[in-house]
Amino acid sequence: MLHVLAQQAEGELEAGLTAVGRGIVYGGAAIGPGIGIGLVVGNAISAMARQPEAAGMVRTTMFLGIAFTEALALFGFVLAFIISG
Amino acid sequence: MILGLEFPPISHVVEWPTLFGGGAFGVNKVVLFMWISVGLVFALFFVAGRKRALVPTGAQNVAESTVEFVQDQIVLQTMGPEGLGYTPFLITLFTFVFTCNIWGLIPGVQMPVNARIALPVFMALVVYVIYHAAGIRHQGPIKYLKSIMFLPGVPWPMYILLTPIELVTKFITQPLSLAVRLFANMLAGHLLLVSFAVITQALVASTIIGGALPLALLIFLSAFELLVAFLQAYIFTILAAVYIADAMHPAH
């Protein structure tokens, strides 16, 4: 029984591990930027609510902050595709 | 095969057969629409600039609001009045990136040109050359390199840590992330739309009602992608402006 279960096609293990690795790479890369973007946008909103006249300036800086933070998640996204079995 | 759905492999979604030409110079759909984007951007500003009416109409309206947007929201916000010399470059960059992105939503085309990394890398290299050139022109080569390597107002032992980080940031990470950010965002959006289109098609084939939910989501995501296409063009341009401004005036 165990012998039959342990049987696998050629390269099946590698393909499976590659898929798992891709998932871990993207999932791991998304954690930090997720928190970071939340902080950036949250603080930008409270800044805009406190001082609506500065909203334009805050928005520009907010997009810059998002762009810098998001880059890390996107590196993970691209790396997930680059990994091949 | 996931849940009985046949998802196309990624190479089928972003790779297109060569239309004409061959070898390294073969032209496929992506290259073709890049050329069309170049033509469209050129035509917009050519037509708008040829007859300058006091009360703008049509193309002149579009061109003027684009120029105003880039000038007020990007150049003046990041570089101040002395960066106005870079406005034409940034306007071209913004319009071209946006036109290339928007092809992902045009029915019948549905392939953002920037979802292949070649064009983002090329544009990032152009920005890379320009911001270093701006730094060298405004500060001189030695002073510019010094301003990158030694941030003012930092106790000297910190330089052991900070100088390598700053050098890697300015010469490798900044251009790399500029290219990858645009590319990955457009690719992710494209894959998202493809996935929902596949799900919709599979569900409509089995039950019409079951297909309604993914279809509604597909329409919503298309609207979201329109926002992303604009936002990525904006972010690409504003980061180029920030890098140039940083090179012109060292960190303070």
# chains A, B, ... in the order shown; residues from 1 in each chain; ligands from 1
$ residues_around --residues "Ala55 in chain A" --least-positions-apart "5" --cutoff "9 Å" --atoms "only C-alpha atoms" --output "count of residues only"
6
$ residues_around --residues "Ile82 in chain A" --least-positions-apart "3" --cutoff "12 Å" --atoms "only C-alpha atoms" --output "ChimeraX atom specification"
/A:18-19,21-22,25-26,75-79,85 /B:10
$ interface_residues --of "chain B" --to "chain A" --cutoff "8 Å" --atoms "only C-alpha atoms" --output "mmCIF file with N, CA and C atoms, in the first residue's frame"
data_model
loop_
_atom_site.group_PDB
_atom_site.id
_atom_site.type_symbol
_atom_site.label_atom_id
_atom_site.label_comp_id
_atom_site.auth_asym_id
_atom_site.auth_seq_id
_atom_site.Cartn_x
_atom_site.Cartn_y
_atom_site.Cartn_z
ATOM 1 N N GLN B 73 1.046 68.732 -10.948
ATOM 2 C CA GLN B 73 1.008 67.631 -9.982
ATOM 3 C C GLN B 73 2.339 66.915 -9.868
ATOM 4 N N GLN B 77 5.470 69.795 -7.799
ATOM 5 C CA GLN B 77 5.402 69.161 -6.479
ATOM 6 C C GLN B 77 6.727 68.560 -6.060
ATOM 7 N N SER B 177 13.973 48.820 -9.627
ATOM 8 C CA SER B 177 12.614 48.832 -9.091
ATOM 9 C C SER B 177 11.694 49.668 -9.971
ATOM 10 N N VAL B 180 10.804 47.170 -12.744
ATOM 11 C CA VAL B 180 10.043 46.011 -12.279
ATOM 12 C C VAL B 180 8.659 46.425 -11.794
ATOM 13 N N ARG B 181 8.555 47.622 -11.165
ATOM 14 C CA ARG B 181 7.276 48.064 -10.629
ATOM 15 C C ARG B 181 6.230 48.179 -11.744
ATOM 16 N N ALA B 184 5.626 44.540 -13.381
ATOM 17 C CA ALA B 184 4.902 43.588 -12.554
ATOM 18 C C ALA B 184 3.457 44.022 -12.336
ATOM 19 N N ASN B 185 3.235 45.328 -12.196
ATOM 20 C CA ASN B 185 1.865 45.791 -12.023
ATOM 21 C C ASN B 185 1.012 45.485 -13.245
ATOM 22 N N ILE B 235 2.969 57.191 -11.321
ATOM 23 C CA ILE B 235 4.041 56.833 -10.390
ATOM 24 C C ILE B 235 5.383 56.747 -11.111
ATOM 25 N N ILE B 238 6.413 60.364 -11.701
ATOM 26 C CA ILE B 238 6.760 61.126 -10.493
ATOM 27 C C ILE B 238 8.058 60.576 -9.889
ATOM 28 N N LEU B 239 8.306 59.269 -10.004
ATOM 29 C CA LEU B 239 9.566 58.736 -9.490
ATOM 30 C C LEU B 239 10.735 59.217 -10.334
#
$ atom_distance --atom1 "CA of Lys170 in chain B" --atom2 "CA of Asp246 in chain B"
10.2 Å
$ residues_around --residues "Leu44 in chain B" --least-positions-apart "6" --cutoff "9 Å" --atoms "only C-alpha atoms" --output "ChimeraX atom specification"
/B:59-60,62-63
